[in-house]
Amino acid sequence: MADPQQEKRAARRFPLRVPVTVDHESSTHAAQIRDVSARGICFYLESAVTQGSAIGFTLTLPPEITLTESIRVQCKGHVVRVENGREDGTLAVAAVIEEYEFLPEV
């Protein structure tokens with residue numbers, strides 16, 4: 001039987017191990033990406049967030065994803081799932097991407 005969680009995914013997911021900066025409730029947190037797609041992201045975060053809350057994040061997509069050069073992307077969305085993440089106590093946070101903007105290189 002197919003995994004029902006897998007069936008909800010309409011876009012290809014890319015397993016990435018790059019840092020991401022997460023903005024949530026007027027504070028910024030460092031996090032580590034688990035995977036990303038055109039519609040969503042899952043990352044490991046030390047701070048608790050609640051399902052349904054608004055979230056912003058900035059990441060740099062590497063050339064193996066963009067097929068050109070590294071591109072910084074600033075996204076806005078909301079949290080759709082929070083689970084126990086890893087043995088180090090971080091949480092796995094899944095968020096849907098609702099808006100994004102490509103940022104100029106610094």
# chains A, B, ... in the order shown; residues from 1 in each chain; ligands from 1
call {"tool": "residues_around", "arguments": {"residues": "range 56-62 of chain A", "least_positions_apart": "2", "cutoff": "8 Å", "atoms": "only C-alpha atoms", "output": "list in words"}}
result
Val18, Pro19, Val20, Thr21, Val22, Asp23, His24, Ala54, Glu64, Ile65, Thr66, Glu69, Ser70, Ile71, Arg72, Val73, Gln74, Cys75, Lys76, Gly77 and His78 of chain A
call {"tool": "select_by_dssp", "arguments": {"residues": "chain A", "states": "alpha helix (DSSP H)", "output": "ChimeraX atom specification"}}
result
/A:4-7,63-66
call {"tool": "write_last_selection", "arguments": {"atoms": "N, CA, C and O atoms", "output": "short mmCIF file (atom, residue, chain, number, x, y, z; two decimals), in the first residue's frame"}}
result
data_model
loop_
_atom_site.label_atom_id
_atom_site.label_comp_id
_atom_site.auth_asym_id
_atom_site.auth_seq_id
_atom_site.Cartn_x
_atom_site.Cartn_y
_atom_site.Cartn_z
N PRO A 4 0.39 7.31 2.37
CA PRO A 4 -0.50 8.44 2.10
C PRO A 4 0.22 9.79 2.19
O PRO A 4 -0.13 10.73 1.51
N GLN A 5 1.26 9.88 3.01
CA GLN A 5 2.02 11.13 3.11
C GLN A 5 2.72 11.40 1.77
O GLN A 5 2.75 12.51 1.30
N GLN A 6 3.25 10.37 1.16
CA GLN A 6 3.94 10.51 -0.11
C GLN A 6 2.99 10.98 -1.21
O GLN A 6 3.36 11.76 -2.06
N GLU A 7 1.75 10.51 -1.19
CA GLU A 7 0.79 10.84 -2.22
C GLU A 7 0.43 12.33 -2.25
O GLU A 7 0.02 12.84 -3.26
N PRO A 63 24.11 25.15 -7.05
CA PRO A 63 24.07 24.92 -8.50
C PRO A 63 23.47 23.58 -8.92
O PRO A 63 22.84 23.49 -9.97
N GLU A 64 23.61 22.54 -8.09
CA GLU A 64 23.03 21.25 -8.50
C GLU A 64 21.51 21.28 -8.52
O GLU A 64 20.88 20.45 -9.17
N ILE A 65 20.89 22.25 -7.86
CA ILE A 65 19.43 22.41 -7.91
C ILE A 65 19.04 23.40 -9.01
O ILE A 65 18.11 23.16 -9.78
N THR A 66 19.75 24.53 -9.08
CA THR A 66 19.39 25.58 -10.03
C THR A 66 19.87 25.31 -11.44
O THR A 66 19.37 25.90 -12.39
#
call {"tool": "residues_around", "arguments": {"residues": "Ala95 in chain A", "least_positions_apart": "2", "cutoff": "6 Å", "atoms": "only C-alpha atoms", "output": "PyMOL selection string"}}
result
chain A and resi 40-41+78-80
call {"tool": "residues_around", "arguments": {"residues": "range 26-36 of chain A", "least_positions_apart": "6", "cutoff": "6 Å", "atoms": "only C-alpha atoms", "output": "list of chain:residue names"}}
result
A:Arg13, A:Phe14, A:Pro15, A:Leu16, A:Arg17, A:Val18, A:Pro19, A:Val20, A:Cys42, A:Phe43, A:Tyr44, A:Leu45
call {"tool": "atom_distance", "arguments": {"atom1": "CA of Gly85 in chain A", "atom2": "CA of Ser53 in chain A"}}
result
18.4 Å
call {"tool": "atom_distance", "arguments": {"atom1": "CA of Ser47 in chain A", "atom2": "CA of Thr90 in chain A"}}
result
7.6 Å
call {"tool": "select_by_dssp", "arguments": {"residues": "chain A", "states": "strand (DSSP E)", "output": "number ranges by chain"}}
result
A: 14-15, 19-24, 27-36, 40-45, 54-61, 71-84, 91-103
call {"tool": "atom_distance", "arguments": {"atom1": "CA of Glu83 in chain A", "atom2": "CA of Ile55 in chain A"}}
result
16.3 Å
